[in-house]
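Next comes input-v9.pdb, a file with PDB, C-alpha atoms.
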ATOM      1  CA  MET A 261      89.258  78.712  55.742
ATOM      2  CA  SER A 262      90.665  77.543  59.057
ATOM      3  CA  PHE A 263      88.642  77.087  62.204
ATOM      4  CA  LEU A 264      90.141  80.193  63.852
ATOM      5  CA  SER A 265      89.499  82.278  60.745
ATOM      6  CA  ASN A 266      85.849  81.307  60.959
ATOM      7  CA  ILE A 267      85.718  82.462  64.567
ATOM      8  CA  PHE A 268      87.787  85.632  64.357
ATOM      9  CA  GLY A 269      87.498  86.563  60.706
ATOM     10  CA  ARG A 270      90.352  87.183  58.374
ATOM     11  CA  ARG A 271      92.459  90.281  58.683
ATOM     12  CA  SER A 272      91.239  91.404  55.248
ATOM     13  CA  ASP A 273      87.670  91.377  56.604
ATOM     14  CA  ARG A 274      88.788  93.745  59.358
ATOM     15  CA  GLU A 275      90.254  96.111  56.803
ATOM     16  CA  ARG A 276      86.702  96.787  55.645
ATOM     17  CA  VAL A 277      86.059  98.707  58.853
ATOM     18  CA  ALA A 278      89.442 100.464  58.865
ATOM     19  CA  PRO A 279      88.018 103.850  57.761
ATOM     20  CA  LEU A 280      85.467 103.709  60.568
ATOM     21  CA  TYR A 281      88.046 102.732  63.167
ATOM     22  CA  GLU A 282      90.433 105.458  62.009
ATOM     23  CA  ALA A 283      87.630 108.039  62.148
ATOM     24  CA  ALA A 284      86.719 106.975  65.688
ATOM     25  CA  VAL A 285      90.352 107.243  66.777
ATOM     26  CA  ALA A 286      90.624 110.679  65.147
ATOM     27  CA  ALA A 287      87.523 111.839  67.043
ATOM     28  CA  ALA A 288      89.053 110.528  70.276
ATOM     29  CA  ARG A 289      92.260 112.432  69.611
ATOM     30  CA  ASP A 290      90.494 115.775  69.248
ATOM     31  CA  PRO A 291      92.592 118.182  71.362
ATOM     32  CA  LEU A 292      89.462 119.590  73.041
ATOM     33  CA  TRP A 293      89.096 116.412  75.095
ATOM     34  CA  TYR A 294      92.523 117.040  76.583
ATOM     35  CA  ARG A 295      92.561 120.849  76.798
ATOM     36  CA  GLU A 296      89.063 121.902  77.812
ATOM     37  CA  GLY A 297      87.975 118.467  79.043
ATOM     38  CA  GLN A 298      91.178 117.963  81.021
ATOM     39  CA  VAL A 299      91.427 114.295  80.068
ATOM     40  CA  PRO A 300      95.033 113.355  80.855
ATOM     41  CA  ASP A 301      97.085 113.536  77.661
ATOM     42  CA  THR A 302      98.804 110.255  78.462
ATOM     43  CA  ILE A 303      98.712 106.761  77.014
ATOM     44  CA  ASP A 304      95.998 105.835  79.488
ATOM     45  CA  GLY A 305      94.006 109.017  78.881
ATOM     46  CA  ARG A 306      94.124 108.521  75.125
ATOM     47  CA  PHE A 307      93.075 104.896  75.535
ATOM     48  CA  ASP A 308      90.152 106.038  77.690
ATOM     49  CA  MET A 309      88.963 108.395  74.960
ATOM     50  CA  ILE A 310      89.398 105.856  72.156
ATOM     51  CA  ALA A 311      87.410 103.321  74.172
ATOM     52  CA  ALA A 312      84.727 105.944  74.941
ATOM     53  CA  VAL A 313      84.260 107.048  71.337
ATOM     54  CA  LEU A 314      84.412 103.488  70.064
ATOM     55  CA  ALA A 315      81.807 102.434  72.624
ATOM     56  CA  LEU A 316      79.418 105.088  71.318
ATOM     57  CA  VAL A 317      80.004 103.953  67.737
ATOM     58  CA  LEU A 318      79.386 100.339  68.753
ATOM     59  CA  LEU A 319      76.179 101.333  70.542
ATOM     60  CA  ARG A 320      75.014 103.091  67.396
ATOM     61  CA  LEU A 321      75.735  99.994  65.313
ATOM     62  CA  GLU A 322      74.006  97.858  67.929
ATOM     63  CA  ALA A 323      70.832  99.842  67.232
ATOM     64  CA  GLU A 324      70.918  98.454  63.676
ATOM     65  CA  GLY A 325      70.476  94.921  64.999
ATOM     66  CA  ASP A 326      71.581  92.003  62.856
ATOM     67  CA  ARG A 327      72.354  94.236  59.870
ATOM     68  CA  ALA A 328      75.451  95.653  61.572
ATOM     69  CA  ARG A 329      76.385  92.789  63.875
ATOM     70  CA  ASP A 330      79.253  91.512  61.716
ATOM     71  CA  ASP A 331      80.594  95.036  61.303
ATOM     72  CA  SER A 332      80.502  95.562  65.080
ATOM     73  CA  VAL A 333      82.489  92.378  65.601
ATOM     74  CA  LEU A 334      85.008  93.393  62.945
ATOM     75  CA  LEU A 335      85.326  96.856  64.486
ATOM     76  CA  THR A 336      86.021  95.334  67.885
ATOM     77  CA  GLU A 337      88.590  93.013  66.338
ATOM     78  CA  ARG A 338      90.221  96.010  64.644
ATOM     79  CA  PHE A 339      90.420  97.687  68.067
ATOM     80  CA  ILE A 340      92.078  94.575  69.487
ATOM     81  CA  ASP A 341      94.574  94.468  66.601
ATOM     82  CA  ASP A 342      95.450  98.132  67.162
ATOM     83  CA  MET A 343      95.827  97.768  70.915
ATOM     84  CA  ASP A 344      97.934  94.622  70.451
ATOM     85  CA  GLY A 345     100.278  96.498  68.115
ATOM     86  CA  ASN A 346     100.530  99.470  70.464
ATOM     87  CA  ILE A 347     101.251  97.302  73.482
ATOM     88  CA  ARG A 348     103.995  95.484  71.611
ATOM     89  CA  GLN A 349     105.534  98.798  70.458
ATOM     90  CA  LEU A 350     105.703  99.870  74.092
ATOM     91  CA  GLY A 351     107.849  96.821  74.752
ATOM     92  CA  THR A 352     105.382  94.550  76.496
ATOM     93  CA  GLY A 353     106.545  90.948  76.277
ATOM     94  CA  ASP A 354     104.479  88.269  74.587
ATOM     95  CA  MET A 355     103.569  86.670  77.900
ATOM     96  CA  LEU A 356     101.772  89.807  79.088
ATOM     97  CA  VAL A 357     100.130  90.982  75.858
ATOM     98  CA  GLY A 358      97.083  88.730  76.183
ATOM     99  CA  LYS A 359      96.457  89.806  79.743
ATOM    100  CA  ARG A 360      96.696  93.519  78.834
ATOM    101  CA  ILE A 361      94.422  93.037  75.811
ATOM    102  CA  GLY A 362      91.909  91.252  78.031
ATOM    103  CA  LYS A 363      91.849  94.238  80.386
ATOM    104  CA  MET A 364      91.435  96.649  77.479
ATOM    105  CA  VAL A 365      88.537  94.696  76.017
ATOM    106  CA  GLY A 366      87.020  94.582  79.493
ATOM    107  CA  ALA A 367      87.388  98.366  79.729
ATOM    108  CA  LEU A 368      85.634  98.766  76.374
ATOM    109  CA  GLY A 369      82.846  96.497  77.634
ATOM    110  CA  GLY A 370      82.594  98.559  80.805
ATOM    111  CA  ARG A 371      82.131 101.722  78.789
ATOM    112  CA  LEU A 372      79.497 100.056  76.643
ATOM    113  CA  ALA A 373      77.550  99.137  79.773
ATOM    114  CA  ALA A 374      78.031 102.527  81.447
ATOM    115  CA  PHE A 375      77.061 104.516  78.365
ATOM    116  CA  ARG A 376      74.107 102.240  77.600
ATOM    117  CA  ALA A 377      72.863 102.862  81.150
ATOM    118  CA  ALA A 378      73.447 106.629  80.815
ATOM    119  CA  ILE A 379      71.423 106.679  77.605
ATOM    120  CA  GLU A 380      68.600 104.668  79.166
ATOM    121  CA  GLU A 381      68.556 107.049  82.148
ATOM    122  CA  GLY A 382      68.149 110.169  80.012
ATOM    123  CA  GLY A 383      71.557 110.771  78.492
ATOM    124  CA  ASP A 384      73.610 112.288  81.309
ATOM    125  CA  PHE A 385      77.094 110.858  80.784
ATOM    126  CA  THR A 386      78.704 112.715  83.707
ATOM    127  CA  HIS A 387      78.699 109.822  86.196
ATOM    128  CA  ALA A 388      79.989 107.391  83.556
ATOM    129  CA  VAL A 389      82.756 109.855  82.669
ATOM    130  CA  VAL A 390      83.829 110.287  86.296
ATOM    131  CA  ARG A 391      84.177 106.537  86.630
ATOM    132  CA  ASN A 392      85.444 105.524  83.191
ATOM    133  CA  ILE A 393      87.519 108.480  82.006
ATOM    134  CA  PHE A 394      88.710 110.093  85.227
ATOM    135  CA  HIS A 395      88.694 106.912  87.342
ATOM    136  CA  GLU A 396      86.899 108.664  90.218
ATOM    137  CA  LYS A 397      89.469 111.518  90.329
ATOM    138  CA  PRO A 398      88.381 114.334  87.986
ATOM    139  CA  PRO A 399      90.845 117.245  87.973
ATOM    140  CA  THR A 400      88.013 119.779  88.370
ATOM    141  CA  GLU A 401      84.251 119.722  88.766
ATOM    142  CA  GLN A 402      83.869 121.104  85.247
ATOM    143  CA  ALA A 403      85.913 118.405  83.491
ATOM    144  CA  PRO A 404      83.352 115.558  83.712
ATOM    145  CA  THR A 405      80.550 117.917  82.719
ATOM    146  CA  PHE A 406      82.475 119.051  79.645
ATOM    147  CA  VAL A 407      83.515 115.549  78.576
ATOM    148  CA  GLY A 408      80.086 114.108  79.366
ATOM    149  CA  GLY A 409      78.411 116.852  77.351
ATOM    150  CA  ARG A 410      80.642 116.220  74.351
ATOM    151  CA  LEU A 411      80.049 112.473  74.545
ATOM    152  CA  LYS A 412      76.307 113.111  74.696
ATOM    153  CA  ALA A 413      76.594 115.398  71.659
ATOM    154  CA  LEU A 414      78.550 112.709  69.822
ATOM    155  CA  HIS A 415      75.924 110.127  70.750
ATOM    156  CA  ASP A 416      73.163 112.391  69.452
ATOM    157  CA  ARG A 417      74.991 113.061  66.189
ATOM    158  CA  LEU A 418      75.675 109.357  65.711
ATOM    159  CA  GLN A 419      71.960 108.681  66.146
ATOM    160  CA  SER A 420      71.149 111.067  63.322
ATOM    161  CA  THR A 421      73.829 109.615  61.021
ATOM    162  CA  SER A 422      72.927 106.648  58.851
ATOM    163  CA  ALA A 423      74.634 103.345  59.502
ATOM    164  CA  SER A 424      75.983 103.315  55.954
ATOM    165  CA  GLU A 425      77.637 106.700  56.494
ATOM    166  CA  ILE A 426      79.113 105.559  59.804
ATOM    167  CA  LEU A 427      80.412 102.328  58.274
ATOM    168  CA  ALA A 428      82.006 104.439  55.521
ATOM    169  CA  GLY A 429      83.999 106.255  58.226
ATOM    170  CA  LYS A 430      81.859 109.331  58.700
ATOM    171  CA  VAL A 431      82.003 109.730  62.451
ATOM    172  CA  PRO A 432      80.574 113.151  63.299
ATOM    173  CA  GLN A 433      82.484 115.493  65.558
ATOM    174  CA  PRO A 434      80.887 116.083  68.950
TER
END
Take the structure in the file and write it out as structure tokens.
Amino acid sequence: MSFLSNIFGRRSDRERVAPLYEAAVAAARDPLWYREGQVPDTIDGRFDMIAAVLALVLLRLEAEGDRARDDSVLLTERFIDDMDGNIRQLGTGDMLVGKRIGKMVGALGGRLAAFRAAIEEGGDFTHAVVRNIFHEKPPTEQAPTFVGGRLKALHDRLQSTSASEILAGKVPQP
């Protein structure tokens, strides 16, 4: 195995978490986020929801400690692979792909931190949603409350779902 394979894992390792990643993306594409939650149904809005749902899944796996650490890394790598492919399909040149991926990973990290803080402060996701989903410009006062409430419900359902079920791709609906 090459040095880089040891660091990043082989693509076949990432396929192990494909059902989980696909389930997280499906949850993020639920039309309720965009209709009732008023998340913009745009490339950026869909990215925001994928990153939000994935952040909650990663936080749930984080609670498993070392047992799920490798799976969390593989899931993040799967996210990077998917975003890389999507960016390239949109026509982004090779010189800019790395920079865009870096920003996307940073956005995922920002959501992890914001949602971790929201959980530690009692589970109100509204402020984190205003900043990370609506970028300080919610379309209505109700939108962040709706989206924050659904993210909290998803968080709660993830907490009551076993890690083995989650890793098998059983991401509960909010």
Point to revise | Residue members of the PyMOL selection byres ((chain A and resi 395-403) around 10) in the file shown, as number ranges by chain | key: A: 293-300, 308, 386-394, 404-409
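As for atom CA of Val277 of chain A and atom CA of Thr336 of chain A, they are spaced 9.6 Å apart.
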Exercise for review: Can you give me, as a list in words, the residues this file yields under the PyMOL selection byres ((chain A and resi 430) around 12)?
Suggested key: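 So the PyMOL selection byres ((chain A and resi 430) around 12) ends up selecting Val277, Ala278, Pro279, Leu280, Tyr281, Glu282, Ala283, Ala284, Val285, Ala286, Ala287, Val317, Arg417, Leu418, Ser420, Thr421, Ser422, Ala423, Ser424, Glu425, Ile426, Leu427, Ala428, Gly429, Val431, Pro432 and Gln433 of chain A.
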Practice item. Just give me the gap between atom CA of His415 of chain A and atom CA of Leu319 of chain A in Å, one decimal is fine. Key: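 Computing it gives 8.8 Å between the two atoms.
Reported to one decimal place, the separation of atom CA of Leu356 of chain A from atom CA of Leu316 of chain A is 28.2 Å.
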**Study point:** Close residues, Asp342 of chain A itself excluded, 12 Å, all atoms listed in the file, min 6 positions apart in chain, as a list in words
**Key:** Arg271, Arg274, Glu275, Ala278, Tyr281, Glu282, Val285, Phe307, Ile310, Ala311, Leu335, Thr336, Arg348, Gln349, Ile361, Met364 and Val365 of chain A
Can you sort out segment 323-334 of chain A so it carries all heavy atoms, written as a PDB file, keeping the file's coordinate frame?
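File written: part-v2.pdb
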ATOM      1  N   ALA A 323      72.213  99.434  67.511  1.00  0.00           N
ATOM      2  CA  ALA A 323      70.832  99.842  67.232  1.00  0.00           C
ATOM      3  C   ALA A 323      70.358  99.339  65.878  1.00  0.00           C
ATOM      4  O   ALA A 323      69.150  99.247  65.643  1.00  0.00           O
ATOM      5  CB  ALA A 323      70.712 101.366  67.300  1.00  0.00           C
ATOM      6  N   GLU A 324      71.273  98.984  64.998  1.00  0.00           N
ATOM      7  CA  GLU A 324      70.918  98.454  63.676  1.00  0.00           C
ATOM      8  C   GLU A 324      70.570  96.971  63.723  1.00  0.00           C
ATOM      9  O   GLU A 324      70.130  96.406  62.725  1.00  0.00           O
ATOM     10  CB  GLU A 324      72.068  98.674  62.686  1.00  0.00           C
ATOM     11  CG  GLU A 324      72.352 100.119  62.383  1.00  0.00           C
ATOM     12  CD  GLU A 324      71.191 100.795  61.674  1.00  0.00           C
ATOM     13  OE1 GLU A 324      70.674 100.226  60.691  1.00  0.00           O
ATOM     14  OE2 GLU A 324      70.807 101.903  62.103  1.00  0.00           O
ATOM     15  N   GLY A 325      70.799  96.339  64.858  1.00  0.00           N
ATOM     16  CA  GLY A 325      70.476  94.921  64.999  1.00  0.00           C
ATOM     17  C   GLY A 325      71.378  94.038  64.161  1.00  0.00           C
ATOM     18  O   GLY A 325      72.570  94.313  63.989  1.00  0.00           O
ATOM     19  N   ASP A 326      70.808  92.992  63.610  1.00  0.00           N
ATOM     20  CA  ASP A 326      71.581  92.003  62.856  1.00  0.00           C
ATOM     21  C   ASP A 326      72.290  92.582  61.639  1.00  0.00           C
ATOM     22  O   ASP A 326      73.320  92.076  61.229  1.00  0.00           O
ATOM     23  CB  ASP A 326      70.678  90.848  62.403  1.00  0.00           C
ATOM     24  CG  ASP A 326      70.249  89.964  63.564  1.00  0.00           C
ATOM     25  OD1 ASP A 326      70.919  90.007  64.621  1.00  0.00           O
ATOM     26  OD2 ASP A 326      69.241  89.246  63.413  1.00  0.00           O
ATOM     27  N   ARG A 327      71.753  93.647  61.076  1.00  0.00           N
ATOM     28  CA  ARG A 327      72.354  94.236  59.870  1.00  0.00           C
ATOM     29  C   ARG A 327      73.780  94.701  60.094  1.00  0.00           C
ATOM     30  O   ARG A 327      74.585  94.695  59.164  1.00  0.00           O
ATOM     31  CB  ARG A 327      71.526  95.417  59.371  1.00  0.00           C
ATOM     32  CG  ARG A 327      70.179  95.018  58.817  1.00  0.00           C
ATOM     33  CD  ARG A 327      69.432  96.225  58.395  1.00  0.00           C
ATOM     34  NE  ARG A 327      69.116  96.982  59.610  1.00  0.00           N
ATOM     35  CZ  ARG A 327      68.342  98.020  59.679  1.00  0.00           C
ATOM     36  NH1 ARG A 327      67.822  98.517  58.588  1.00  0.00           N
ATOM     37  NH2 ARG A 327      68.073  98.615  60.808  1.00  0.00           N
ATOM     38  N   ALA A 328      74.115  95.122  61.302  1.00  0.00           N
ATOM     39  CA  ALA A 328      75.451  95.653  61.572  1.00  0.00           C
ATOM     40  C   ALA A 328      76.248  94.787  62.545  1.00  0.00           C
ATOM     41  O   ALA A 328      77.340  95.173  62.947  1.00  0.00           O
ATOM     42  CB  ALA A 328      75.345  97.078  62.097  1.00  0.00           C
ATOM     43  N   ARG A 329      75.706  93.635  62.884  1.00  0.00           N
ATOM     44  CA  ARG A 329      76.385  92.789  63.875  1.00  0.00           C
ATOM     45  C   ARG A 329      77.789  92.387  63.433  1.00  0.00           C
ATOM     46  O   ARG A 329      78.752  92.507  64.195  1.00  0.00           O
ATOM     47  CB  ARG A 329      75.556  91.557  64.174  1.00  0.00           C
ATOM     48  CG  ARG A 329      76.170  90.697  65.270  1.00  0.00           C
ATOM     49  CD  ARG A 329      75.174  89.788  65.823  1.00  0.00           C
ATOM     50  NE  ARG A 329      74.024  90.657  66.124  1.00  0.00           N
ATOM     51  CZ  ARG A 329      72.952  90.302  66.783  1.00  0.00           C
ATOM     52  NH1 ARG A 329      72.859  89.115  67.217  1.00  0.00           N
ATOM     53  NH2 ARG A 329      71.974  91.123  67.009  1.00  0.00           N
ATOM     54  N   ASP A 330      77.934  91.918  62.206  1.00  0.00           N
ATOM     55  CA  ASP A 330      79.253  91.512  61.716  1.00  0.00           C
ATOM     56  C   ASP A 330      80.225  92.684  61.712  1.00  0.00           C
ATOM     57  O   ASP A 330      81.394  92.538  62.066  1.00  0.00           O
ATOM     58  CB  ASP A 330      79.163  90.911  60.313  1.00  0.00           C
ATOM     59  CG  ASP A 330      78.492  89.546  60.305  1.00  0.00           C
ATOM     60  OD1 ASP A 330      78.369  88.916  61.377  1.00  0.00           O
ATOM     61  OD2 ASP A 330      78.075  89.102  59.209  1.00  0.00           O
ATOM     62  N   ASP A 331      79.736  93.860  61.319  1.00  0.00           N
ATOM     63  CA  ASP A 331      80.594  95.036  61.303  1.00  0.00           C
ATOM     64  C   ASP A 331      81.031  95.423  62.716  1.00  0.00           C
ATOM     65  O   ASP A 331      82.167  95.848  62.924  1.00  0.00           O
ATOM     66  CB  ASP A 331      79.886  96.204  60.622  1.00  0.00           C
ATOM     67  CG  ASP A 331      79.656  95.933  59.142  1.00  0.00           C
ATOM     68  OD1 ASP A 331      80.608  95.511  58.459  1.00  0.00           O
ATOM     69  OD2 ASP A 331      78.512  96.128  58.685  1.00  0.00           O
ATOM     70  N   SER A 332      80.150  95.275  63.687  1.00  0.00           N
ATOM     71  CA  SER A 332      80.502  95.562  65.080  1.00  0.00           C
ATOM     72  C   SER A 332      81.599  94.625  65.564  1.00  0.00           C
ATOM     73  O   SER A 332      82.547  95.052  66.238  1.00  0.00           O
ATOM     74  CB  SER A 332      79.281  95.421  65.988  1.00  0.00           C
ATOM     75  OG  SER A 332      78.333  96.407  65.705  1.00  0.00           O
ATOM     76  N   VAL A 333      81.468  93.358  65.216  1.00  0.00           N
ATOM     77  CA  VAL A 333      82.489  92.378  65.601  1.00  0.00           C
ATOM     78  C   VAL A 333      83.821  92.726  64.943  1.00  0.00           C
ATOM     79  O   VAL A 333      84.871  92.721  65.589  1.00  0.00           O
ATOM     80  CB  VAL A 333      82.036  90.944  65.234  1.00  0.00           C
ATOM     81  CG1 VAL A 333      83.176  89.949  65.390  1.00  0.00           C
ATOM     82  CG2 VAL A 333      80.837  90.535  66.075  1.00  0.00           C
ATOM     83  N   LEU A 334      83.774  93.042  63.657  1.00  0.00           N
ATOM     84  CA  LEU A 334      85.008  93.393  62.945  1.00  0.00           C
ATOM     85  C   LEU A 334      85.631  94.659  63.524  1.00  0.00           C
ATOM     86  O   LEU A 334      86.860  94.756  63.631  1.00  0.00           O
ATOM     87  CB  LEU A 334      84.732  93.565  61.448  1.00  0.00           C
ATOM     88  CG  LEU A 334      84.368  92.293  60.691  1.00  0.00           C
ATOM     89  CD1 LEU A 334      83.911  92.630  59.272  1.00  0.00           C
ATOM     90  CD2 LEU A 334      85.530  91.317  60.670  1.00  0.00           C
TER      91      LEU A 334
END
